[in-house]
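Raw contents of start.pdb, PDB, C-alpha atoms:
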MODEL        1
ATOM      1  CA  MET A   1      33.763  61.311 -87.714  1.00  0.00           C
ATOM      2  CA  ARG A   2      31.689  58.238 -86.712  1.00  0.00           C
ATOM      3  CA  ARG A   3      34.607  55.966 -87.609  1.00  0.00           C
ATOM      4  CA  LEU A   4      37.043  58.094 -85.596  1.00  0.00           C
ATOM      5  CA  ILE A   5      34.764  57.998 -82.560  1.00  0.00           C
ATOM      6  CA  SER A   6      34.523  54.206 -82.781  1.00  0.00           C
ATOM      7  CA  ILE A   7      38.310  53.971 -82.785  1.00  0.00           C
ATOM      8  CA  VAL A   8      38.480  56.182 -79.683  1.00  0.00           C
ATOM      9  CA  ILE A   9      36.011  53.903 -77.902  1.00  0.00           C
ATOM     10  CA  CYS A  10      37.885  50.718 -78.822  1.00  0.00           C
ATOM     11  CA  CYS A  11      41.104  52.081 -77.402  1.00  0.00           C
ATOM     12  CA  LEU A  12      39.626  53.045 -74.023  1.00  0.00           C
ATOM     13  CA  PRO A  13      39.846  50.512 -71.155  1.00  0.00           C
ATOM     14  CA  LEU A  14      36.354  49.443 -70.085  1.00  0.00           C
ATOM     15  CA  GLY A  15      36.509  51.154 -66.691  1.00  0.00           C
ATOM     16  CA  LEU A  16      37.843  54.378 -68.190  1.00  0.00           C
ATOM     17  CA  PHE A  17      35.130  54.372 -70.859  1.00  0.00           C
ATOM     18  CA  ALA A  18      32.393  54.036 -68.215  1.00  0.00           C
ATOM     19  CA  GLN A  19      34.056  56.753 -66.125  1.00  0.00           C
ATOM     20  CA  SER A  20      34.085  59.122 -69.095  1.00  0.00           C
ATOM     21  CA  PHE A  21      30.261  59.231 -69.169  1.00  0.00           C
ATOM     22  CA  LEU A  22      30.036  60.643 -65.639  1.00  0.00           C
ATOM     23  CA  GLY A  23      28.705  64.175 -65.422  1.00  0.00           C
ATOM     24  CA  ALA A  24      25.969  66.053 -67.271  1.00  0.00           C
ATOM     25  CA  TRP A  25      25.090  66.310 -70.966  1.00  0.00           C
ATOM     26  CA  GLU A  26      22.523  68.292 -72.938  1.00  0.00           C
ATOM     27  CA  THR A  27      20.954  68.584 -76.355  1.00  0.00           C
ATOM     28  CA  GLN A  28      18.253  70.812 -77.821  1.00  0.00           C
ATOM     29  CA  THR A  29      15.652  70.289 -80.512  1.00  0.00           C
ATOM     30  CA  THR A  30      12.709  72.180 -81.994  1.00  0.00           C
ATOM     31  CA  SER A  31       9.158  70.866 -81.570  1.00  0.00           C
ATOM     32  CA  GLU A  32       6.574  70.754 -84.357  1.00  0.00           C
ATOM     33  CA  ASN A  33       5.110  74.069 -83.139  1.00  0.00           C
ATOM     34  CA  GLY A  34       8.510  75.772 -83.039  1.00  0.00           C
ATOM     35  CA  GLU A  35       9.290  75.512 -79.321  1.00  0.00           C
ATOM     36  CA  GLN A  36      12.884  74.974 -78.225  1.00  0.00           C
ATOM     37  CA  LEU A  37      13.098  71.843 -76.107  1.00  0.00           C
ATOM     38  CA  LYS A  38      16.070  70.915 -73.909  1.00  0.00           C
ATOM     39  CA  ASN A  39      17.148  67.467 -72.772  1.00  0.00           C
ATOM     40  CA  VAL A  40      19.572  67.112 -69.860  1.00  0.00           C
ATOM     41  CA  VAL A  41      21.114  63.736 -68.990  1.00  0.00           C
ATOM     42  CA  ILE A  42      22.996  63.167 -65.719  1.00  0.00           C
ATOM     43  CA  PHE A  43      25.223  60.104 -65.287  1.00  0.00           C
ATOM     44  CA  SER A  44      26.441  59.221 -61.802  1.00  0.00           C
ATOM     45  CA  GLU A  45      28.108  56.006 -60.659  1.00  0.00           C
ATOM     46  CA  GLY A  46      25.511  53.359 -61.485  1.00  0.00           C
ATOM     47  CA  TYR A  47      22.478  55.648 -61.959  1.00  0.00           C
ATOM     48  CA  GLN A  48      21.254  58.127 -64.551  1.00  0.00           C
ATOM     49  CA  VAL A  49      18.323  60.384 -65.416  1.00  0.00           C
ATOM     50  CA  SER A  50      17.192  61.980 -68.690  1.00  0.00           C
ATOM     51  CA  THR A  51      14.702  64.875 -68.713  1.00  0.00           C
ATOM     52  CA  TRP A  52      13.019  67.009 -71.366  1.00  0.00           C
ATOM     53  CA  PHE A  53      11.659  70.499 -70.665  1.00  0.00           C
ATOM     54  CA  ASN A  54      10.895  73.723 -72.516  1.00  0.00           C
ATOM     55  CA  ALA A  55      14.122  75.702 -72.867  1.00  0.00           C
ATOM     56  CA  ALA A  56      12.334  79.072 -72.713  1.00  0.00           C
ATOM     57  CA  ASN A  57       9.867  78.693 -69.845  1.00  0.00           C
ATOM     58  CA  GLY A  58      10.963  75.496 -68.061  1.00  0.00           C
ATOM     59  CA  LYS A  59       7.674  73.656 -68.622  1.00  0.00           C
ATOM     60  CA  PHE A  60       8.283  70.016 -67.732  1.00  0.00           C
ATOM     61  CA  ILE A  61       7.758  67.469 -70.512  1.00  0.00           C
ATOM     62  CA  SER A  62       9.075  64.045 -69.445  1.00  0.00           C
ATOM     63  CA  THR A  63      11.703  62.152 -67.484  1.00  0.00           C
ATOM     64  CA  ASN A  64      13.043  58.609 -67.250  1.00  0.00           C
ATOM     65  CA  GLY A  65      15.948  56.889 -65.564  1.00  0.00           C
ATOM     66  CA  GLY A  66      17.306  54.174 -63.343  1.00  0.00           C
ATOM     67  CA  SER A  67      20.473  52.116 -63.113  1.00  0.00           C
ATOM     68  CA  TRP A  68      22.981  51.729 -65.940  1.00  0.00           C
ATOM     69  CA  LYS A  69      26.030  49.711 -66.917  1.00  0.00           C
ATOM     70  CA  ILE A  70      28.220  49.534 -69.994  1.00  0.00           C
ATOM     71  CA  GLU A  71      29.839  46.650 -71.835  1.00  0.00           C
ATOM     72  CA  GLY A  72      31.987  47.571 -74.815  1.00  0.00           C
ATOM     73  CA  ASP A  73      30.055  50.332 -76.582  1.00  0.00           C
ATOM     74  CA  THR A  74      26.615  49.192 -75.340  1.00  0.00           C
ATOM     75  CA  ILE A  75      24.788  50.832 -72.435  1.00  0.00           C
ATOM     76  CA  THR A  76      22.093  48.820 -70.659  1.00  0.00           C
ATOM     77  CA  GLU A  77      19.611  50.663 -68.473  1.00  0.00           C
ATOM     78  CA  LYS A  78      17.194  49.132 -65.967  1.00  0.00           C
ATOM     79  CA  VAL A  79      14.255  51.530 -65.885  1.00  0.00           C
ATOM     80  CA  GLU A  80      13.031  52.704 -62.455  1.00  0.00           C
ATOM     81  CA  PHE A  81      10.714  55.501 -63.665  1.00  0.00           C
ATOM     82  CA  ASP A  82       9.362  56.682 -67.017  1.00  0.00           C
ATOM     83  CA  THR A  83       6.687  59.359 -67.331  1.00  0.00           C
ATOM     84  CA  ASN A  84       6.015  58.516 -70.991  1.00  0.00           C
ATOM     85  CA  ASN A  85       5.567  54.782 -70.489  1.00  0.00           C
ATOM     86  CA  ALA A  86       5.207  53.394 -66.957  1.00  0.00           C
ATOM     87  CA  GLU A  87       5.111  49.840 -68.332  1.00  0.00           C
ATOM     88  CA  ARG A  88       8.826  50.108 -69.062  1.00  0.00           C
ATOM     89  CA  VAL A  89       9.571  50.265 -65.320  1.00  0.00           C
ATOM     90  CA  GLY A  90      11.518  47.152 -64.367  1.00  0.00           C
ATOM     91  CA  THR A  91      12.598  46.379 -67.932  1.00  0.00           C
ATOM     92  CA  GLU A  92      16.067  46.669 -69.451  1.00  0.00           C
ATOM     93  CA  LEU A  93      16.914  48.721 -72.535  1.00  0.00           C
ATOM     94  CA  SER A  94      20.186  48.505 -74.454  1.00  0.00           C
ATOM     95  CA  PHE A  95      21.677  50.796 -77.101  1.00  0.00           C
ATOM     96  CA  LYS A  96      25.056  51.440 -78.661  1.00  0.00           C
ATOM     97  CA  VAL A  97      26.797  54.756 -78.004  1.00  0.00           C
ATOM     98  CA  HIS A  98      29.708  56.742 -79.365  1.00  0.00           C
ATOM     99  CA  LEU A  99      31.693  59.258 -77.379  1.00  0.00           C
ATOM    100  CA  THR A 100      34.379  61.911 -77.518  1.00  0.00           C
ATOM    101  CA  ASP A 101      35.528  64.061 -74.614  1.00  0.00           C
ATOM    102  CA  SER A 102      32.799  66.625 -75.300  1.00  0.00           C
ATOM    103  CA  ILE A 103      30.113  64.919 -77.439  1.00  0.00           C
ATOM    104  CA  MET A 104      27.974  61.828 -76.816  1.00  0.00           C
ATOM    105  CA  GLY A 105      25.680  60.143 -79.315  1.00  0.00           C
ATOM    106  CA  ILE A 106      23.472  57.087 -79.767  1.00  0.00           C
ATOM    107  CA  VAL A 107      24.055  54.922 -82.815  1.00  0.00           C
ATOM    108  CA  GLY A 108      21.151  55.443 -85.217  1.00  0.00           C
ATOM    109  CA  ASP A 109      20.127  58.775 -83.633  1.00  0.00           C
ATOM    110  CA  GLN A 110      21.188  62.027 -85.305  1.00  0.00           C
ATOM    111  CA  ARG A 111      21.089  64.037 -82.073  1.00  0.00           C
ATOM    112  CA  LYS A 112      24.285  64.899 -80.235  1.00  0.00           C
ATOM    113  CA  TRP A 113      24.600  65.569 -76.512  1.00  0.00           C
ATOM    114  CA  HIS A 114      27.227  68.132 -75.486  1.00  0.00           C
ATOM    115  CA  ARG A 115      29.043  67.770 -72.194  1.00  0.00           C
ATOM    116  CA  ILE A 116      28.109  70.251 -69.454  1.00  0.00           C
ATOM    117  CA  ASP A 117      30.531  68.988 -66.804  1.00  0.00           C
ATOM    118  CA  GLN A 118      32.575  65.970 -65.761  1.00  0.00           C
ATOM    119  CA  GLY A 119      31.229  65.696 -62.220  1.00  0.00           C
ATOM    120  CA  THR A 120      32.905  68.820 -60.858  1.00  0.00           C
ATOM    121  CA  PRO A 121      33.085  71.376 -59.248  1.00  0.00           C
ATOM    122  CA  GLY A 122      30.113  70.600 -56.970  1.00  0.00           C
ATOM    123  CA  ALA A 123      30.850  68.599 -53.823  1.00  0.00           C
ATOM    124  CA  LEU A 124      27.792  66.323 -54.083  1.00  0.00           C
ATOM    125  CA  GLN A 125      28.213  64.450 -57.359  1.00  0.00           C
ATOM    126  CA  GLY A 126      26.392  61.114 -57.182  1.00  0.00           C
ATOM    127  CA  ALA A 127      23.006  59.452 -56.756  1.00  0.00           C
ATOM    128  CA  TRP A 128      21.438  59.924 -53.315  1.00  0.00           C
ATOM    129  CA  LEU A 129      18.340  58.512 -51.627  1.00  0.00           C
ATOM    130  CA  MET A 130      16.482  60.340 -48.895  1.00  0.00           C
ATOM    131  CA  SER A 131      17.220  58.271 -45.796  1.00  0.00           C
ATOM    132  CA  GLY A 132      15.931  60.480 -42.998  1.00  0.00           C
ATOM    133  CA  ARG A 133      14.164  63.640 -41.912  1.00  0.00           C
ATOM    134  CA  LYS A 134      13.939  65.743 -38.797  1.00  0.00           C
ATOM    135  CA  ARG A 135      10.448  66.790 -37.776  1.00  0.00           C
ATOM    136  CA  ASN A 136       9.753  68.642 -34.558  1.00  0.00           C
ATOM    137  CA  GLY A 137      13.339  67.937 -33.553  1.00  0.00           C
ATOM    138  CA  GLU A 138      12.959  64.169 -33.946  1.00  0.00           C
ATOM    139  CA  LEU A 139      14.857  62.138 -36.534  1.00  0.00           C
ATOM    140  CA  GLN A 140      12.667  59.899 -38.694  1.00  0.00           C
ATOM    141  CA  GLN A 141      14.632  57.332 -40.656  1.00  0.00           C
ATOM    142  CA  ARG A 142      13.613  55.902 -44.029  1.00  0.00           C
ATOM    143  CA  ASP A 143      14.320  52.460 -45.423  1.00  0.00           C
ATOM    144  CA  THR A 144      16.119  53.183 -48.695  1.00  0.00           C
ATOM    145  CA  ASN A 145      15.433  49.633 -49.921  1.00  0.00           C
ATOM    146  CA  ARG A 146      11.682  50.121 -50.066  1.00  0.00           C
ATOM    147  CA  PRO A 147      10.083  50.616 -53.517  1.00  0.00           C
ATOM    148  CA  ARG A 148       8.897  54.160 -52.685  1.00  0.00           C
ATOM    149  CA  LYS A 149      11.971  56.319 -53.268  1.00  0.00           C
ATOM    150  CA  THR A 150      13.010  59.939 -53.412  1.00  0.00           C
ATOM    151  CA  MET A 151      16.277  60.075 -55.341  1.00  0.00           C
ATOM    152  CA  LYS A 152      18.457  63.064 -56.103  1.00  0.00           C
ATOM    153  CA  ILE A 153      21.108  62.802 -58.821  1.00  0.00           C
ATOM    154  CA  LEU A 154      23.830  65.436 -59.093  1.00  0.00           C
ATOM    155  CA  SER A 155      26.671  66.037 -61.504  1.00  0.00           C
ATOM    156  CA  GLY A 156      29.179  68.787 -60.835  1.00  0.00           C
ATOM    157  CA  THR A 157      26.727  71.547 -61.773  1.00  0.00           C
ATOM    158  CA  ARG A 158      23.300  69.944 -62.338  1.00  0.00           C
ATOM    159  CA  PHE A 159      20.795  68.402 -59.928  1.00  0.00           C
ATOM    160  CA  GLN A 160      17.477  66.587 -60.208  1.00  0.00           C
ATOM    161  CA  TRP A 161      15.225  64.967 -57.616  1.00  0.00           C
ATOM    162  CA  ILE A 162      12.675  62.313 -58.518  1.00  0.00           C
ATOM    163  CA  ALA A 163       9.919  60.743 -56.371  1.00  0.00           C
ATOM    164  CA  TYR A 164       8.624  57.391 -57.617  1.00  0.00           C
ATOM    165  CA  ASN A 165       7.638  53.836 -56.728  1.00  0.00           C
ATOM    166  CA  THR A 166       9.282  50.900 -58.520  1.00  0.00           C
ATOM    167  CA  GLU A 167       6.580  48.455 -57.334  1.00  0.00           C
ATOM    168  CA  THR A 168       3.469  50.372 -58.397  1.00  0.00           C
ATOM    169  CA  LYS A 169       5.367  52.127 -61.257  1.00  0.00           C
ATOM    170  CA  LYS A 170       3.859  55.411 -60.058  1.00  0.00           C
ATOM    171  CA  PHE A 171       5.693  58.693 -60.627  1.00  0.00           C
ATOM    172  CA  MET A 172       5.071  61.401 -58.009  1.00  0.00           C
ATOM    173  CA  GLY A 173       7.135  64.367 -59.170  1.00  0.00           C
ATOM    174  CA  THR A 174      10.496  65.847 -60.118  1.00  0.00           C
ATOM    175  CA  GLY A 175      12.415  69.085 -60.310  1.00  0.00           C
ATOM    176  CA  GLY A 176      15.878  70.165 -61.274  1.00  0.00           C
ATOM    177  CA  GLY A 177      18.316  72.725 -62.571  1.00  0.00           C
ATOM    178  CA  THR A 178      21.768  73.927 -61.573  1.00  0.00           C
ATOM    179  CA  TYR A 179      23.467  73.994 -58.174  1.00  0.00           C
ATOM    180  CA  THR A 180      26.563  75.187 -56.344  1.00  0.00           C
ATOM    181  CA  THR A 181      28.258  74.152 -53.088  1.00  0.00           C
ATOM    182  CA  ILE A 182      30.224  77.051 -51.613  1.00  0.00           C
ATOM    183  CA  ASP A 183      31.273  77.585 -47.976  1.00  0.00           C
ATOM    184  CA  GLY A 184      28.739  75.129 -46.568  1.00  0.00           C
ATOM    185  CA  LYS A 185      25.896  76.560 -48.643  1.00  0.00           C
ATOM    186  CA  TYR A 186      24.068  74.425 -51.205  1.00  0.00           C
ATOM    187  CA  THR A 187      22.184  76.642 -53.683  1.00  0.00           C
ATOM    188  CA  GLU A 188      19.700  75.422 -56.290  1.00  0.00           C
ATOM    189  CA  GLN A 189      18.508  77.350 -59.329  1.00  0.00           C
ATOM    190  CA  ILE A 190      15.281  75.676 -60.464  1.00  0.00           C
ATOM    191  CA  GLU A 191      14.875  75.214 -64.240  1.00  0.00           C
ATOM    192  CA  PHE A 192      11.908  72.805 -64.247  1.00  0.00           C
ATOM    193  CA  PHE A 193       9.386  71.565 -61.685  1.00  0.00           C
ATOM    194  CA  SER A 194       6.753  69.013 -62.685  1.00  0.00           C
ATOM    195  CA  ARG A 195       4.273  69.903 -59.948  1.00  0.00           C
ATOM    196  CA  ASP A 196       4.294  73.690 -60.281  1.00  0.00           C
ATOM    197  CA  ASP A 197       5.696  75.747 -63.182  1.00  0.00           C
ATOM    198  CA  THR A 198       5.674  78.880 -61.005  1.00  0.00           C
ATOM    199  CA  LYS A 199       8.704  77.492 -59.111  1.00  0.00           C
ATOM    200  CA  VAL A 200      10.849  77.810 -62.257  1.00  0.00           C
ATOM    201  CA  GLY A 201      13.453  80.528 -61.757  1.00  0.00           C
ATOM    202  CA  LEU A 202      13.542  80.269 -57.969  1.00  0.00           C
ATOM    203  CA  SER A 203      16.902  80.221 -56.214  1.00  0.00           C
ATOM    204  CA  LEU A 204      16.924  78.229 -52.977  1.00  0.00           C
ATOM    205  CA  GLU A 205      19.808  78.274 -50.493  1.00  0.00           C
ATOM    206  CA  PHE A 206      20.391  75.568 -47.872  1.00  0.00           C
ATOM    207  CA  ASP A 207      22.989  74.682 -45.294  1.00  0.00           C
ATOM    208  CA  PHE A 208      24.719  71.393 -46.025  1.00  0.00           C
ATOM    209  CA  GLU A 209      27.400  69.180 -44.545  1.00  0.00           C
ATOM    210  CA  LEU A 210      28.670  65.642 -45.021  1.00  0.00           C
ATOM    211  CA  LEU A 211      28.629  63.612 -41.791  1.00  0.00           C
ATOM    212  CA  ASP A 212      29.912  60.026 -41.933  1.00  0.00           C
ATOM    213  CA  GLY A 213      29.173  59.960 -45.655  1.00  0.00           C
ATOM    214  CA  ALA A 214      25.594  61.228 -45.267  1.00  0.00           C
ATOM    215  CA  TRP A 215      24.427  64.536 -46.733  1.00  0.00           C
ATOM    216  CA  HIS A 216      22.623  66.702 -44.153  1.00  0.00           C
ATOM    217  CA  HIS A 217      20.493  69.357 -45.823  1.00  0.00           C
ATOM    218  CA  SER A 218      18.503  72.105 -44.063  1.00  0.00           C
ATOM    219  CA  GLY A 219      16.736  75.336 -44.905  1.00  0.00           C
ATOM    220  CA  LEU A 220      13.433  76.456 -46.436  1.00  0.00           C
ATOM    221  CA  SER A 221      11.703  74.459 -49.172  1.00  0.00           C
ATOM    222  CA  SER A 222      10.130  75.946 -52.317  1.00  0.00           C
ATOM    223  CA  LYS A 223       6.944  76.247 -50.204  1.00  0.00           C
ATOM    224  CA  LYS A 224       8.900  78.326 -47.656  1.00  0.00           C
ATOM    225  CA  GLU A 225       8.606  75.541 -45.109  1.00  0.00           C
ATOM    226  CA  PRO A 226      11.563  74.525 -42.893  1.00  0.00           C
ATOM    227  CA  ILE A 227      13.138  71.200 -43.822  1.00  0.00           C
ATOM    228  CA  TYR A 228      15.947  69.034 -42.504  1.00  0.00           C
ATOM    229  CA  GLU A 229      16.735  66.087 -44.761  1.00  0.00           C
ATOM    230  CA  ILE A 230      19.380  63.373 -44.685  1.00  0.00           C
ATOM    231  CA  TRP A 231      20.492  61.734 -47.917  1.00  0.00           C
ATOM    232  CA  SER A 232      22.603  58.582 -48.372  1.00  0.00           C
ATOM    233  CA  LEU A 233      24.588  57.592 -51.462  1.00  0.00           C
ATOM    234  CA  ARG A 234      23.083  54.738 -53.463  1.00  0.00           C
ATOM    235  CA  GLU A 235      25.179  51.601 -53.656  1.00  0.00           C
TER
ENDMDL
END
Translate this file's structure into structure tokens.
Amino acid sequence: MRRLISIVICCLPLGLFAQSFLGAWETQTTSENGEQLKNVVIFSEGYQVSTWFNAANGKFISTNGGSWKIEGDTITEKVEFDTNNAERVGTELSFKVHLTDSIMGIVGDQRKWHRIDQGTPGALQGAWLMSGRKRNGELQQRDTNRPRKTMKILSGTRFQWIAYNTETKKFMGTGGGTYTTIDGKYTEQIEFFSRDDTKVGLSLEFDFELLDGAWHHSGLSSKKEPIYEIWSLRE
């Protein structure tokens, strides 16, 4: 099977091979004390995130991610956040991969990631940075080039937000799960939340619209507080 996968990779044009990673992937493993652990990886154009959490209760374990590119069968990631090792922030990591339409693997690693989606059907697939907020009716803009970032990465069915600082290497928090975009309503189903496990299982509904390429997002937060956020696609 490994040889067959390598042949598939060699025959794919470089751009098509990179495109085929887009979407969400997952794998599960069992910890030493018998807990089922889930890992979800989301690839968007140029950015990715990988997160581990308890499959039964959603307890957050770790997350890492940043930008990515592929040459041949080798993925290179530039780390922007890593809860297990902050010293990796700013460094590049490379590893060889093998891929079919539904299974992804890393050469030398026995685990297999199974495809969840290919970037559809959700309308918000991509990596977004919070670029503005309305407070008391006034728009407050954010510089998306500053090191302090709040990023949200979405596939066609999965979402994750991450707050971090690439300069100080500090990680502030994350949460994620599944989402839908139907009739102007963006609905999140939370599966993990690093700051508060009691948020796991919540379903949050927001109004959303795309205006001049920006994602306008309004409703009540997990704290039941009104929010109006504006998100811009990362370049």
Would you work out the distance separating CA of Gln125 in chain A from CA of Gly156 in chain A, expressed in Å to one decimal?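 Interatomic distance, CA of Gln125 in chain A to CA of Gly156 in chain A: 5.6 Å.
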Once you count all atoms listed in the file, which residues end up no further than 9 Å from (26.7, 52.0, -64.5) in the file's frame, shown as a list in words? Ala18, Gln19, Phe43, Ser44, Glu45, Gly46, Tyr47, Gln48, Ser67, Trp68, Lys69, Ile70, Ile75, Thr76 and Glu77 of chain A
Kindly indicate which residue among A:Gly119, A:Leu124, A:Gly175, A:Thr51 lies nearest to Asp197 in chain A, using all atoms listed in the file for the distances. A:Gly175
Show which residues sit within 9 Å of Arg195 in chain A, as a list in words. Count all atoms listed in the file, and ignore same-chain residues fewer than 5 positions away.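 Close residues of Arg195 in chain A: Phe60, Met172, Gly173, Thr174 and Gly175 of chain A.
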Could you write those residues out with C-alpha atoms, as a compact mmCIF listing (two decimals), in the frame of the given file?
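The resulting selection.txt:
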# COMPACT_ATOMS: atom_id res chain seq x y z
CA PHE A 60 8.28 70.02 -67.73
CA MET A 172 5.07 61.40 -58.01
CA GLY A 173 7.14 64.37 -59.17
CA THR A 174 10.50 65.85 -60.12
CA GLY A 175 12.42 69.08 -60.31
Where's the centre, and what are the edge lengths in Å to one decimal, of a box along x, y and z enclosing all listed atoms of range 30-42 of chain A padded 3 Å per side, as JSON?
{"center_x": 14.1, "center_y": 69.5, "center_z": -75.0, "size_x": 23.9, "size_y": 18.6, "size_z": 24.6}
Test item: the PyMOL selection byres ((chain A and resi 207) around 10) resolved as a ChimeraX atom specification: /A:181-187,205-206,208-209,216-220,228
Could you tell me, as a PyMOL selection string, exactly which residues end up selected when the PyMOL selection byres ((chain A and resi 97-114) around 6) is applied to this structure? chain A and resi 25-27+73+96+115
Selection above as a file: C-alpha atoms, as a PDB file, in the frame of the given file:
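Printed below is out-v4.pdb as written:
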ATOM      1  CA  TRP A  25      25.090  66.310 -70.966  1.00  0.00           C
ATOM      2  CA  GLU A  26      22.523  68.292 -72.938  1.00  0.00           C
ATOM      3  CA  THR A  27      20.954  68.584 -76.355  1.00  0.00           C
ATOM      4  CA  ASP A  73      30.055  50.332 -76.582  1.00  0.00           C
ATOM      5  CA  LYS A  96      25.056  51.440 -78.661  1.00  0.00           C
ATOM      6  CA  ARG A 115      29.043  67.770 -72.194  1.00  0.00           C
TER       7      ARG A 115
END
Give the answer as one residue: which of A:Met151, A:Leu210, A:Leu204, A:Ile227 has the shortest atom-to-atom distance to Ala123 in chain A, using all atoms listed in the file? A:Leu210
When you draw a straight line from CA of Thr120 in chain A to CA of Thr198 in chain A, how long is it in Å?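 These atoms are spaced 29.0 Å apart.
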When the PyMOL selection byres ((chain A and resi 65) around 8) is applied to the structure above, which residues does it catch, written out as a JSON list (two decimals) with C-alpha atoms, in the coordinates of the input?
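Ended up saving to out.json:
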[["chain", "number", "residue", "atom", "x", "y", "z"],
["A", 47, "TYR", "CA", 22.48, 55.65, -61.96],
["A", 48, "GLN", "CA", 21.25, 58.13, -64.55],
["A", 49, "VAL", "CA", 18.32, 60.38, -65.42],
["A", 50, "SER", "CA", 17.19, 61.98, -68.69],
["A", 63, "THR", "CA", 11.70, 62.15, -67.48],
["A", 64, "ASN", "CA", 13.04, 58.61, -67.25],
["A", 66, "GLY", "CA", 17.31, 54.17, -63.34],
["A", 67, "SER", "CA", 20.47, 52.12, -63.11],
["A", 77, "GLU", "CA", 19.61, 50.66, -68.47],
["A", 78, "LYS", "CA", 17.19, 49.13, -65.97],
["A", 79, "VAL", "CA", 14.26, 51.53, -65.89],
["A", 80, "GLU", "CA", 13.03, 52.70, -62.46],
["A", 81, "PHE", "CA", 10.71, 55.50, -63.66],
["A", 82, "ASP", "CA", 9.36, 56.68, -67.02]]
Have a look at A:Asn145, A:Thr166, A:Asn33, A:Ser131 and name the one nearest to Trp231 in chain A; count all atoms listed in the file. A:Ser131
